Number of protein chains: 2
Amino acid sequence: MASNVTVAIDAMGGDDGCDVVVPGAELAAIRHPQYRFILFGKRERIEALLASAPHLRERSNVRHSDVAVAMDDKPSQALRRGRGRSSMLQAIAAVRDGEAQAAVSAGNTGALMAMAKFVLKTMPGISRPAMAAVWPTLRGESIVLDVGATIGADSRQLIEFALMGETMARCLWGVDRPTVGLLNVGVEEIKGVEQVREAGRILREVALPLEYAGFIEGDDIGRGTVDVVVTEGFTGNIALKTAEGTANQLATYLKLAFTRTLMSRLGAFLARGAFAALKERIDPRKHNGGVLLGLNGIVVKSHGGTDALGFATAIDVAVEMARNGLVDKIAADLAEMNRHLGEARPRQVA
Amino acid sequence: MASNVTVAIDAMGGDDGCDVVVPGAELAAIRHPQYRFILFGKRERIEALLASAPHLRERSNVRHSDVAVAMDDKPSQALRRGRGRSSMLQAIAAVRDGEAQAAVSAGNTGALMAMAKFVLKTMPGISRPAMAAVWPTLRGESIVLDVGATIGADSRQLIEFALMGETMARCLWGVDRPTVGLLNVGVEEIKGVEQVREAGRILREVALPLEYAGFIEGDDIGRGTVDVVVTEGFTGNIALKTAEGTANQLATYLKLAFTRTLMSRLGAFLARGAFAALKERIDPRKHNGGVLLGLNGIVVKSHGGTDALGFATAIDVAVEMARNGLVDKIAADLAEMNRHLGEARPRQVA
């Protein structure tokens, strides 16, 4: 287990760029004195902010870049931007070159995925990378993947997602045998699309190194029925955003209800501790950080609109993955999967 | 517009059968003296319950059946059960035979869909029926379809869903030009799966009789960005259940937060009006009733675990559809669609 982790940070990504990124990294540096940082962005701006970030300043290098990837850049545009001198690309390249063990960016998601794939390359044995989100549940947290790195997945890719998600769960929470479920429209074996049924059959019948718990339905995600929820990127993205939308909707209803009458306002005032506890529990900043899985290196996407606290969470996720050797563990699991699926392997993906 | 509507009711469906169904129909009969009912189930049981349902008793006939479809029947089993003498099948047959204008059941969803398709047949010009759900939003209510009648949909089927959902919105809410959105993983034209992009292109370019608002994302559903949300059944089912799961999760958090301390309990007591308002707003019984669209007749699925109030809502939905001529309106829209898509029609579905 690596004890010193250096994190490459795209200081130009996100809605507020380095105004959020630098204070966020400072928070992570205060909590974890063993982290080291390389900050990519406008040197002058970053150094001005480092003046009030003493912990970070002590443990970071600044690499100048004045090329930012725009939030509306197409992936191909982003890759070419400034002839590869964008802060995002340089942060990822630092992982490829071994200077850093993980990269974090709050920038354009599509650009980040395309660049990460281009610079780090997909791991041998993986058909496509996936984006994994940490999802708060009634039992704690679960990992859901893919939440939109790619669209569609055949049975083999779903099994790869299962293995990668399971490994991420072990790295992130240190649990021994996280449970894995396939997202479907019913729990019976005959339900759903063919790829999901086929993946379920293989996971049941082949002794892969993971704890397969069967099919789960949409309402099982929030319930925390399994540790790792596997689905293809279109459905995963829609599930994630639908849940966000529902949470926002209920928060709005709650606010409306408690400001209706003088009595309800008084009640809300007395129960302000309860509101604080509720807010704390559903705080999206505590579950920030989408992990790109299946690449030769660790890249974490922070929400573009988060604040310093949220950005620090994304850094923590990146460091946990690096410290616990995510990439090597996935490689080992893949080797085992390939031994097992040598015969049972479904149609090969080009 | 038909003024007298007769509703065929499967009195054996749902977790509690006629113990919920009969009081539910009584509630609907009290609110709407113009409704008439045919109740299918065990005559003796129903008549005993009618003794305390005077409004319903006055306006209903009972047709005896002692064959119930089991909640775990496969569709093929359900169809054959009791040689077609099940209460569910008879209720649907009453619509086919013109005795009733709509059927309502709280029974086995898969069986209901298969039977409705078998008995009523799919409308000419429709490739597959869809199940539409009424979804509470920050702006009121939206219709989401398909929430699981079938799995997968090509561009032509998505357009059929759009037309049918739009017609349902007009029948249910009396609005003139409800807006329609395609559920996708981004709002740009290049995003998402091919079928969705192709459906979007046709809806933009061809002057179909509906107000197309473009792509929407998962979080737009709860926001109420459009009146009608169109997606294929796998994604729609997972979105619906994920939202239900998230709502349950937040309700649990809320309860935990407000019972934490004496002060928060006191606050909750003072704000009990606010809680009541909140509960009222998210009450699933007020949004009960999945409508099967694309058949030669109206069939509404009530949630199996609902109570009398919820069942009455499903009856109201069924009657609104019947009163406003849903099936004829869909037929008219289809004819117009076929005129427009004569040339632009994508690959034909077998």
# chains A, B, ... in the order shown; residues from 1 in each chain; ligands from 1

call {"tool": "interface_residues", "arguments": {"of": "chain A", "to": "chain B", "cutoff": "6 Å", "atoms": "only C-alpha atoms", "output": "number ranges by chain"}}
result
A: 218-219, 222, 235, 238-239, 241-243, 245-246, 257-258, 264, 267-268, 270-271, 274, 278

call {"tool": "select_by_dssp", "arguments": {"residues": "range 5-252 of chain B", "states": "alpha helix (DSSP H)", "output": "count of residues only"}}
result
112

call {"tool": "select_by_dssp", "arguments": {"residues": "range 90-335 of chain A", "states": "strand (DSSP E or B)", "output": "ChimeraX atom specification"}}
result
/A:102-105,122,130-137,140-145,179-183,211-216,228-230,290-293,295,298-301

call {"tool": "residues_around", "arguments": {"residues": "range 165-171 of chain A", "least_positions_apart": "3", "cutoff": "7 Å", "atoms": "only C-alpha atoms", "output": "list in words"}}
result
Ile143, Leu145, Phe161, Ala162, Gly174, Val175, Asp176, Pro178, Val180, Val228, Glu320, Met321, Asn324, Leu326, Lys329 and Ile330 of chain A

call {"tool": "closest_atom_pairs", "arguments": {"of": "range 7-61 of chain B", "to": "range 99-117 of chain B", "cutoff": "7 Å", "atoms": "only C-alpha atoms", "output": "tab-separated table"}}
result
residue	atom	partner	partner_atom	distance
B:Val7	CA	B:Ala102	CA	5.1
B:Ala8	CA	B:Ala103	CA	4.5
B:Ile9	CA	B:Val104	CA	5.1
B:Asp10	CA	B:Ser105	CA	5.0
B:Gly13	CA	B:Gly107	CA	3.8
B:Gly14	CA	B:Ala106	CA	4.4

call {"tool": "residues_around", "arguments": {"residues": "Ala11 in chain B", "least_positions_apart": "6", "cutoff": "7 Å", "atoms": "only C-alpha atoms", "output": "MDAnalysis selection string"}}
result
chainID B and resid 17:18 21 39:41

call {"tool": "write_last_selection", "arguments": {"atoms": "C-alpha atoms", "output": "PDB file, in the first residue's frame"}}
result
ATOM      1  CA  GLY B  17     -58.753  -7.902  -3.048  1.00  0.00           C
ATOM      2  CA  CYS B  18     -62.319  -6.744  -2.575  1.00  0.00           C
ATOM      3  CA  VAL B  21     -61.562  -2.515  -4.100  1.00  0.00           C
ATOM      4  CA  LEU B  39     -67.771  -5.662 -10.108  1.00  0.00           C
ATOM      5  CA  PHE B  40     -66.149  -9.003 -10.995  1.00  0.00           C
ATOM      6  CA  GLY B  41     -65.414 -11.370  -8.099  1.00  0.00           C
TER       7      GLY B  41
END

call {"tool": "atom_distance", "arguments": {"atom1": "CA of Val327 in chain A", "atom2": "CA of Asp146 in chain A"}}
result
17.1 Å

call {"tool": "closest_residue", "arguments": {"among": "B:His55, B:Lys286, B:Arg45, B:Arg36", "to": "Glu141 in chain B", "atoms": "only C-alpha atoms"}}
result
B:Lys286

call {"tool": "atom_distance", "arguments": {"atom1": "CA of Gly289 in chain A", "atom2": "CA of Gly310 in chain A"}}
result
8.3 Å

call {"tool": "closest_residue", "arguments": {"among": "B:Glu58, B:Asp15, B:Asp316, B:Glu232", "to": "Val196 in chain B", "atoms": "only C-alpha atoms"}}
result
B:Glu232

call {"tool": "closest_residue", "arguments": {"among": "A:Leu49, A:Val62, A:Val119, A:Val230", "to": "Ala153 in chain A", "atoms": "only C-alpha atoms"}}
result
A:Val230

call {"tool": "closest_residue", "arguments": {"among": "B:Glu26, B:Val144, B:Pro209, B:Gln34", "to": "Ala53 in chain B", "atoms": "only C-alpha atoms"}}
result
B:Glu26
